[in-house]
file final-v6.txt (compact mmCIF, C-alpha atoms and all ligand atoms)
# COMPACT_ATOMS: atom_id res chain seq x y z
CA LYS A 1 35.90 -1.78 -109.09
CA LEU A 2 36.93 -4.12 -106.34
CA HIS A 3 39.80 -6.61 -106.63
CA THR A 4 40.59 -9.15 -103.97
CA CYS A 5 43.64 -11.38 -103.85
CA PHE A 6 45.31 -13.92 -101.65
CA SER A 7 48.78 -12.49 -101.38
CA THR A 8 50.61 -9.55 -102.88
CA GLY A 9 53.70 -7.46 -102.17
CA SER A 10 51.81 -4.31 -101.33
CA THR A 11 48.20 -3.43 -102.06
CA ASN A 12 49.36 0.13 -102.80
CA ASP A 13 51.50 -1.20 -105.65
CA LEU A 14 48.80 -3.59 -106.83
CA VAL A 15 46.07 -0.96 -107.04
CA LYS A 16 48.40 1.31 -108.99
CA GLU A 17 49.18 -1.47 -111.44
CA LEU A 18 45.53 -2.46 -111.88
CA SER A 19 44.20 1.03 -112.28
CA ASP A 20 46.83 2.04 -114.84
CA ASP A 21 44.85 0.40 -117.65
CA GLU A 22 41.45 1.43 -116.42
CA SER A 23 39.24 4.37 -117.13
CA GLY A 24 39.97 6.38 -114.05
CA SER A 25 37.02 5.16 -111.98
CA MET A 26 37.95 4.35 -108.44
CA THR A 27 39.59 0.99 -107.87
CA PHE A 28 39.87 -0.83 -104.54
CA CYS A 29 42.26 -3.71 -103.82
CA LEU A 30 42.19 -6.04 -100.84
CA ALA A 31 44.71 -8.74 -99.95
CA GLU A 32 44.70 -11.47 -97.32
CA HIS A 33 48.42 -11.02 -96.94
CA GLN A 34 51.07 -8.48 -97.94
CA THR A 35 54.60 -9.80 -98.24
CA SER A 36 56.14 -6.31 -98.14
CA GLY A 37 53.56 -3.93 -96.71
CA ARG A 38 55.09 -0.56 -95.95
CA GLY A 39 54.65 2.48 -93.74
CA ARG A 40 56.17 5.90 -94.18
CA ARG A 41 59.82 6.35 -95.11
CA GLY A 42 60.41 2.71 -95.98
CA ARG A 43 59.21 1.34 -92.65
CA THR A 44 57.55 -2.07 -92.57
CA TRP A 45 53.82 -2.59 -92.14
CA VAL A 46 53.07 -6.03 -90.67
CA SER A 47 50.06 -7.76 -92.24
CA PRO A 48 50.10 -11.50 -91.58
CA PHE A 49 47.75 -13.83 -93.41
CA GLY A 50 44.10 -13.34 -92.51
CA SER A 51 44.80 -11.14 -89.45
CA THR A 52 44.32 -7.69 -90.90
CA ILE A 53 42.53 -5.66 -93.50
CA SER A 54 44.96 -4.49 -96.15
CA MET A 55 43.13 -2.26 -98.55
CA SER A 56 44.23 0.31 -101.08
CA ALA A 57 42.25 2.62 -103.30
CA ASN A 58 43.28 4.64 -106.30
CA TRP A 59 41.76 8.09 -106.44
CA ARG A 60 42.40 9.94 -109.69
CA ILE A 61 42.48 13.71 -109.40
CA SER A 62 42.33 15.91 -112.46
CA GLU A 63 42.83 19.37 -111.02
CA GLY A 64 45.22 18.90 -108.15
CA THR A 65 44.28 18.80 -104.53
CA ALA A 66 44.71 21.66 -102.12
CA SER A 67 46.36 19.57 -99.48
CA LEU A 68 47.40 15.94 -99.47
CA GLU A 69 48.19 16.26 -95.83
CA GLY A 70 44.62 17.23 -95.13
CA LEU A 71 43.52 14.29 -97.23
CA SER A 72 45.55 11.90 -95.10
CA LEU A 73 43.82 13.26 -91.98
CA ALA A 74 40.37 13.08 -93.59
CA VAL A 75 41.04 9.44 -94.52
CA GLY A 76 41.95 8.75 -90.88
CA LEU A 77 38.55 10.10 -89.88
CA ALA A 78 36.84 7.88 -92.49
CA VAL A 79 38.63 4.83 -91.04
CA LEU A 80 37.66 5.83 -87.52
CA LYS A 81 33.99 6.18 -88.51
CA ALA A 82 33.96 2.77 -90.15
CA LEU A 83 35.44 1.27 -86.99
CA GLU A 84 32.94 3.07 -84.77
CA ALA A 85 30.10 1.81 -86.95
CA ASN A 86 31.35 -1.69 -86.14
CA GLY A 87 31.33 -1.15 -82.39
CA ALA A 88 34.78 0.27 -81.63
CA ARG A 89 34.84 3.00 -78.97
CA ASN A 90 37.44 5.43 -77.59
CA ILE A 91 39.51 5.47 -80.75
CA GLU A 92 41.82 8.40 -81.33
CA LEU A 93 43.75 9.89 -84.23
CA LYS A 94 47.43 10.69 -84.15
CA TRP A 95 48.70 13.25 -86.64
CA PRO A 96 49.29 12.58 -89.44
CA ASN A 97 48.41 8.98 -90.17
CA ASP A 98 47.65 6.68 -87.24
CA VAL A 99 44.53 5.39 -85.56
CA LEU A 100 45.11 4.55 -81.90
CA TRP A 101 43.34 2.88 -79.02
CA GLN A 102 44.77 3.50 -75.56
CA GLY A 103 48.00 4.66 -77.15
CA ARG A 104 48.35 1.49 -79.22
CA LYS A 105 48.21 1.45 -82.98
CA LEU A 106 45.07 -0.10 -84.44
CA SER A 107 45.36 1.16 -87.99
CA GLY A 108 47.78 3.01 -90.23
CA ILE A 109 47.32 5.01 -93.41
CA LEU A 110 49.80 5.55 -96.22
CA LEU A 111 49.15 8.02 -99.04
CA GLU A 112 51.35 7.92 -102.12
CA VAL A 113 51.09 10.26 -105.10
CA HIS A 114 51.90 9.43 -108.71
CA GLY A 115 51.95 12.35 -111.10
CA ASP A 116 51.72 16.05 -110.41
CA PRO A 117 50.01 16.72 -107.07
CA THR A 118 49.07 20.23 -108.23
CA GLY A 119 47.56 18.94 -111.48
CA GLU A 120 46.61 15.49 -112.69
CA CYS A 121 47.64 12.70 -110.38
CA ASP A 122 46.74 9.37 -108.85
CA VAL A 123 46.56 9.35 -105.09
CA ILE A 124 47.01 5.87 -103.72
CA ILE A 125 45.33 5.51 -100.36
CA GLY A 126 46.58 2.54 -98.35
CA ILE A 127 44.80 1.46 -95.18
CA GLY A 128 45.90 -1.27 -92.80
CA ILE A 129 43.62 -2.33 -89.93
CA ASN A 130 44.48 -4.98 -87.35
CA ILE A 131 41.61 -7.42 -86.96
CA LYS A 132 43.04 -10.24 -84.87
CA LEU A 133 46.75 -10.68 -84.29
CA SER A 134 48.36 -13.29 -82.04
CA GLU A 135 50.37 -12.08 -79.04
CA ASP A 136 53.55 -13.09 -80.87
CA GLN A 137 52.54 -11.11 -83.92
CA LYS A 138 51.85 -8.06 -81.75
CA LYS A 139 55.20 -8.43 -80.01
CA GLY A 140 56.94 -8.61 -83.37
CA ILE A 141 55.79 -5.07 -84.17
CA GLY A 142 58.24 -2.40 -83.04
CA GLN A 143 55.66 -0.37 -81.11
CA PRO A 144 52.50 -1.09 -79.08
CA ALA A 145 49.80 -2.48 -81.36
CA VAL A 146 46.20 -3.53 -80.80
CA ASP A 147 43.55 -5.27 -82.88
CA LEU A 148 39.82 -4.76 -83.34
CA HIS A 149 39.05 -8.01 -81.54
CA GLU A 150 40.59 -6.60 -78.35
CA VAL A 151 39.09 -3.12 -78.83
CA CYS A 152 35.55 -4.51 -79.25
CA GLY A 153 35.93 -7.49 -76.93
CA LYS A 154 34.50 -9.79 -79.61
CA THR A 155 35.04 -11.07 -83.11
CA VAL A 156 34.40 -8.40 -85.71
CA SER A 157 33.51 -9.27 -89.30
CA ARG A 158 36.14 -8.09 -91.75
CA ASN A 159 33.52 -7.93 -94.50
CA ALA A 160 31.36 -5.60 -92.42
CA VAL A 161 34.32 -3.32 -91.71
CA VAL A 162 35.42 -3.28 -95.35
CA SER A 163 31.97 -2.45 -96.71
CA GLN A 164 31.59 0.34 -94.15
CA LEU A 165 35.06 1.57 -94.99
CA ILE A 166 34.33 1.80 -98.71
CA ASN A 167 31.23 3.75 -97.78
CA THR A 168 32.86 6.23 -95.38
CA LEU A 169 35.89 6.64 -97.64
CA SER A 170 33.78 7.40 -100.71
CA HIS A 171 31.78 10.00 -98.76
CA THR A 172 34.91 11.56 -97.37
CA LEU A 173 36.57 11.83 -100.78
CA ASP A 174 33.43 13.47 -102.19
CA GLY A 175 33.38 15.95 -99.35
CA PHE A 176 37.08 16.59 -99.66
CA THR A 177 36.71 17.37 -103.36
CA HIS A 178 34.24 20.12 -102.58
CA GLY A 179 35.33 21.48 -99.24
CA GLY A 180 38.87 20.23 -98.58
CA PHE A 181 40.05 19.36 -95.09
CA ALA A 182 38.32 22.46 -93.68
CA LEU A 183 35.10 20.39 -93.67
CA TYR A 184 36.65 17.80 -91.38
CA ARG A 185 38.94 19.89 -89.20
CA ASP A 186 36.63 20.26 -86.16
CA GLN A 187 35.69 16.62 -86.16
CA TRP A 188 39.31 15.52 -86.55
CA SER A 189 40.28 17.71 -83.58
CA GLU A 190 37.71 16.00 -81.36
CA TYR A 191 39.60 12.75 -81.85
CA ASP A 192 43.14 14.18 -81.67
CA ALA A 193 45.08 11.84 -79.35
CA PHE A 194 47.61 14.53 -78.34
CA ARG A 195 45.42 17.61 -78.18
CA GLY A 196 46.65 20.13 -75.60
CA GLN A 197 49.56 17.89 -74.65
CA GLU A 198 53.31 18.48 -74.52
CA VAL A 199 54.88 16.79 -77.52
CA ASN A 200 58.23 16.28 -79.18
CA ILE A 201 58.50 16.83 -82.90
CA GLU A 202 61.29 15.64 -85.11
CA ALA A 203 61.37 17.31 -88.51
CA ALA A 204 64.23 16.77 -90.97
CA GLY A 205 66.69 16.09 -88.14
CA ARG A 206 65.50 19.13 -86.17
CA LYS A 207 63.92 18.54 -82.77
CA GLU A 208 61.28 20.79 -81.26
CA LYS A 209 59.23 20.67 -78.09
CA GLY A 210 55.89 22.34 -77.55
CA VAL A 211 52.18 21.98 -76.94
CA ASN A 212 49.95 20.44 -79.61
CA VAL A 213 47.32 23.13 -80.20
CA GLY A 214 45.54 21.50 -83.13
CA VAL A 215 45.62 21.41 -86.91
CA ASN A 216 45.03 24.14 -89.50
CA GLU A 217 42.61 24.03 -92.44
CA GLN A 218 45.20 22.35 -94.65
CA GLY A 219 45.88 19.64 -92.08
CA GLY A 220 49.19 21.09 -90.89
CA LEU A 221 50.06 20.45 -87.25
CA LEU A 222 50.14 23.50 -84.94
CA ILE A 223 52.69 23.43 -82.15
CA LYS A 224 53.04 26.21 -79.61
CA THR A 225 56.71 26.60 -78.85
CA GLU A 226 58.58 29.16 -76.72
CA THR A 227 58.98 31.28 -79.85
CA GLY A 228 55.38 31.12 -81.02
CA VAL A 229 53.03 28.77 -82.87
CA LYS A 230 54.76 26.81 -85.63
CA VAL A 231 53.13 24.83 -88.44
CA PHE A 232 54.49 21.42 -89.34
CA ASN A 233 53.66 19.78 -92.63
CA GLY A 234 54.38 16.58 -94.29
CA GLY A 235 56.12 13.36 -94.60
CA GLU A 236 59.35 13.94 -92.77
CA VAL A 237 57.79 14.81 -89.44
CA SER A 238 57.37 12.45 -86.48
CA LEU A 239 55.24 13.31 -83.48
CA ARG A 240 55.74 11.79 -80.03
CA LYS A 241 54.29 12.47 -76.61
CA SER A 242 56.99 14.13 -74.48
P1 LIG B 1 55.30 8.28 -87.51
O1 LIG B 1 54.68 8.71 -86.22
O2 LIG B 1 56.47 9.09 -87.89
O3 LIG B 1 54.32 8.10 -88.61
P2 LIG B 1 55.35 5.42 -87.18
O4 LIG B 1 56.29 4.61 -86.37
O5 LIG B 1 53.93 5.44 -86.77
O6 LIG B 1 55.94 6.87 -87.20
P3 LIG B 1 54.52 4.60 -89.86
O7 LIG B 1 55.32 4.65 -91.08
O8 LIG B 1 53.29 5.42 -89.75
O9 LIG B 1 55.51 4.95 -88.67
O10 LIG B 1 54.12 3.09 -89.59
C1 LIG B 1 55.09 2.07 -89.62
C2 LIG B 1 55.34 1.56 -88.20
O11 LIG B 1 54.14 1.06 -87.64
C3 LIG B 1 56.31 0.39 -88.15
O12 LIG B 1 57.63 0.84 -88.08
C4 LIG B 1 55.87 -0.36 -86.89
O13 LIG B 1 56.43 0.21 -85.72
C5 LIG B 1 54.38 -0.08 -86.83
N1 LIG B 1 53.58 -1.20 -87.39
C6 LIG B 1 53.87 -2.02 -88.43
N2 LIG B 1 52.88 -2.89 -88.65
C7 LIG B 1 51.91 -2.62 -87.73
C8 LIG B 1 50.63 -3.18 -87.44
N3 LIG B 1 50.11 -4.20 -88.14
N4 LIG B 1 49.94 -2.64 -86.40
C9 LIG B 1 50.42 -1.60 -85.69
N5 LIG B 1 51.61 -1.03 -85.91
C10 LIG B 1 52.36 -1.53 -86.93
call {"tool": "encode", "arguments": {"input": "final-v6.txt", "output": "structure tokens", "more": "lines below"}}
Ligand code: ATP
result
Amino acid sequence: KLHTCFSTGSTNDLVKELSDDESGSMTFCLAEHQTSGRGRRGRTWVSPFGSTISMSANWRISEGTASLEGLSLAVGLAVLKALEANGARNIELKWPNDVLWQGRKLSGILLEVHGDPTGECDVIIGIGINIKLSEDQKKGIGQPAVDLHEVCGKTVSRNAVVSQLINTLSHTLDGFTHGGFALYRDQWSEYDAFRGQEVNIEAAGRKEKGVNVGVNEQGGLLIKTETGVKVFNGGEVSLRKS
């Protein structure tokens, strides 16, 4: 099912609300404008009227998923493929949830789980893609941002991107159900923005420095530090180029 609306607080909240009374088939929500779009840990996601794609999907899982982290990475790859199919080139992925172009953020992904992630749960998959922002709108974002218009050097149809996105996302979720992130690991690594680079990691107030040596089959980040390779998982970790 596909729901579109003019304005809503957050498409992640809307899709949850709408799919609560439905049979469990996948529901997609799109909004022209989010009044309180969010990123991780309560951060704000900027989505001005008509300038972005704000889309959320509800994916109901009955038997738990091996790794939500891996799912977040696989979704990033699905977004990247939809963008490539619409002419975008040189796009990269930043662990765990960003799509970048020349170091600037083009798209962000936010996964939220309702229920028991090891059993029955709803995974809400939120995707924000910048289509065409004004210079002022870009400046208002706290970090370098870019839109698809600049990446492609021309106007890109939001409808074309959305239909491709529904396609690539559905395929990816099917694949993930059967093979987990292991199916996507090699491909994800090809697009890893920080691969082989010195990075700083901040995890639960702890800071680490090391070389990004890839991701494991669950989607955990592998960092080679002076004391060996460490795995970083999950929501409380921020990765920055050193
Ligand atoms: P992390 O690397 O830890 O995920 P992050 O800064 O990328 O950190 P997210 O929660 O992924 O954090 O995304 C929210 C951040 O993204 C905001 O704080 C803002 O800096 C940036 N942002 C918000 N809206 C947009 C947008 N439309 N385009 C690009 N970047 C945005």
call {"tool": "residues_near_ligand", "arguments": {"input": "final-v6.txt", "ligand": "ligand LIG 1 (chain B)", "cutoff": "9 Å", "atoms": "all atoms listed in the file", "output": "ChimeraX atom specification"}}
result
/A:37-48,51-52,94-98,100,104-110,128-130,133,137-138,140-147,202,235-240
call {"tool": "atom_distance", "arguments": {"input": "final-v6.txt", "atom1": "CA of Val161 (chain A)", "atom2": "CA of Ala85 (chain A)"}}
result
8.2 Å
call {"tool": "atom_distance", "arguments": {"input": "final-v6.txt", "atom1": "CA of Thr11 (chain A)", "atom2": "CA of Gly180 (chain A)"}}
result
25.7 Å
call {"tool": "residues_near_point", "arguments": {"input": "final-v6.txt", "point": "(34.7, 15.7, -99.1)", "cutoff": "12 Å", "atoms": "only C-alpha atoms", "output": "compact mmCIF listing (two decimals) with C-alpha atoms, in the coordinates of the input"}}
result
# COMPACT_ATOMS: atom_id res chain seq x y z
CA THR A 65 44.28 18.80 -104.53
CA GLY A 70 44.62 17.23 -95.13
CA LEU A 71 43.52 14.29 -97.23
CA LEU A 73 43.82 13.26 -91.98
CA ALA A 74 40.37 13.08 -93.59
CA VAL A 75 41.04 9.44 -94.52
CA LEU A 77 38.55 10.10 -89.88
CA ALA A 78 36.84 7.88 -92.49
CA THR A 168 32.86 6.23 -95.38
CA LEU A 169 35.89 6.64 -97.64
CA SER A 170 33.78 7.40 -100.71
CA HIS A 171 31.78 10.00 -98.76
CA THR A 172 34.91 11.56 -97.37
CA LEU A 173 36.57 11.83 -100.78
CA ASP A 174 33.43 13.47 -102.19
CA GLY A 175 33.38 15.95 -99.35
CA PHE A 176 37.08 16.59 -99.66
CA THR A 177 36.71 17.37 -103.36
CA HIS A 178 34.24 20.12 -102.58
CA GLY A 179 35.33 21.48 -99.24
CA GLY A 180 38.87 20.23 -98.58
CA PHE A 181 40.05 19.36 -95.09
CA ALA A 182 38.32 22.46 -93.68
CA LEU A 183 35.10 20.39 -93.67
CA TYR A 184 36.65 17.80 -91.38
CA ARG A 185 38.94 19.89 -89.20
call {"tool": "residues_near_point", "arguments": {"input": "final-v6.txt", "point": "(38.4, 0.1, -84.7)", "cutoff": "7 Å", "atoms": "all atoms listed in the file", "output": "MDAnalysis selection string"}}
result
chainID A and resid 80 83:84 88 91 106 148 151
call {"tool": "write_last_selection", "arguments": {"input": "final-v6.txt", "atoms": "C-alpha atoms", "output": "compact mmCIF listing (two decimals), in the frame of the given file"}}
result
# COMPACT_ATOMS: atom_id res chain seq x y z
CA LEU A 80 37.66 5.83 -87.52
CA LEU A 83 35.44 1.27 -86.99
CA GLU A 84 32.94 3.07 -84.77
CA ALA A 88 34.78 0.27 -81.63
CA ILE A 91 39.51 5.47 -80.75
CA LEU A 106 45.07 -0.10 -84.44
CA LEU A 148 39.82 -4.76 -83.34
CA VAL A 151 39.09 -3.12 -78.83
call {"tool": "atom_distance", "arguments": {"input": "final-v6.txt", "atom1": "CA of Met55 (chain A)", "atom2": "CA of Lys81 (chain A)"}}
result
16.0 Å
call {"tool": "closest_residue", "arguments": {"input": "final-v6.txt", "among": "A:Met26, A:Leu93, A:Val123, A:Ala204", "to": "Ser189 (chain A)", "atoms": "all atoms listed in the file"}}
result
A:Leu93
call {"tool": "residues_around", "arguments": {"input": "final-v6.txt", "residues": "Trp59 (chain A)", "least_positions_apart": "2", "cutoff": "9 Å", "atoms": "all atoms listed in the file", "output": "list in words"}}
result
Gly24, Ser25, Met26, Thr27, Ala57, Ile61, Cys121, Asp122, Val123, Ile124, Ile125 and Leu173 of chain A
call {"tool": "closest_residue", "arguments": {"input": "final-v6.txt", "among": "A:Ala31, A:Cys152, A:Val231, A:Val99", "to": "Asn86 (chain A)", "atoms": "only C-alpha atoms"}}
result
A:Cys152
call {"tool": "residues_around", "arguments": {"input": "final-v6.txt", "residues": "Thr225 (chain A)", "least_positions_apart": "4", "cutoff": "12 Å", "atoms": "all atoms listed in the file", "output": "tab-separated table (two decimals) with C-alpha atoms, keeping the file's coordinate frame"}}
result
chain	number	residue	atom	x	y	z
A	198	GLU	CA	53.31	18.48	-74.52
A	199	VAL	CA	54.88	16.79	-77.52
A	200	ASN	CA	58.23	16.28	-79.18
A	201	ILE	CA	58.50	16.83	-82.90
A	207	LYS	CA	63.92	18.54	-82.77
A	208	GLU	CA	61.28	20.79	-81.26
A	209	LYS	CA	59.23	20.67	-78.09
A	210	GLY	CA	55.89	22.34	-77.55
A	211	VAL	CA	52.18	21.98	-76.94
A	212	ASN	CA	49.95	20.44	-79.61
A	213	VAL	CA	47.32	23.13	-80.20
A	229	VAL	CA	53.03	28.77	-82.87
A	230	LYS	CA	54.76	26.81	-85.63
A	231	VAL	CA	53.13	24.83	-88.44
A	232	PHE	CA	54.49	21.42	-89.34
call {"tool": "residues_around", "arguments": {"input": "final-v6.txt", "residues": "Asn12 (chain A)", "least_positions_apart": "4", "cutoff": "7 Å", "atoms": "only C-alpha atoms", "output": "PyMOL selection string"}}
result
chain A and resi 16+56+124+126
call {"tool": "closest_residue", "arguments": {"input": "final-v6.txt", "among": "A:Ser36, A:Gln197, A:Ser10, A:Ser157", "to": "Ile127 (chain A)", "atoms": "all atoms listed in the file"}}
result
A:Ser10
call {"tool": "closest_residue", "arguments": {"input": "final-v6.txt", "among": "A:Ile131, A:Gln102, A:Thr118, A:Glu17", "to": "Ser54 (chain A)", "atoms": "all atoms listed in the file"}}
result
A:Ile131
call {"tool": "closest_residue", "arguments": {"input": "final-v6.txt", "among": "A:Leu68, A:Leu222, A:Val162, A:Val79", "to": "Asp116 (chain A)", "atoms": "only C-alpha atoms"}}
result
A:Leu68
call {"tool": "closest_residue", "arguments": {"input": "final-v6.txt", "among": "A:Gly103, A:Gly234, A:Gly87, A:Gly50", "to": "Lys154 (chain A)", "atoms": "only C-alpha atoms"}}
result
A:Gly87
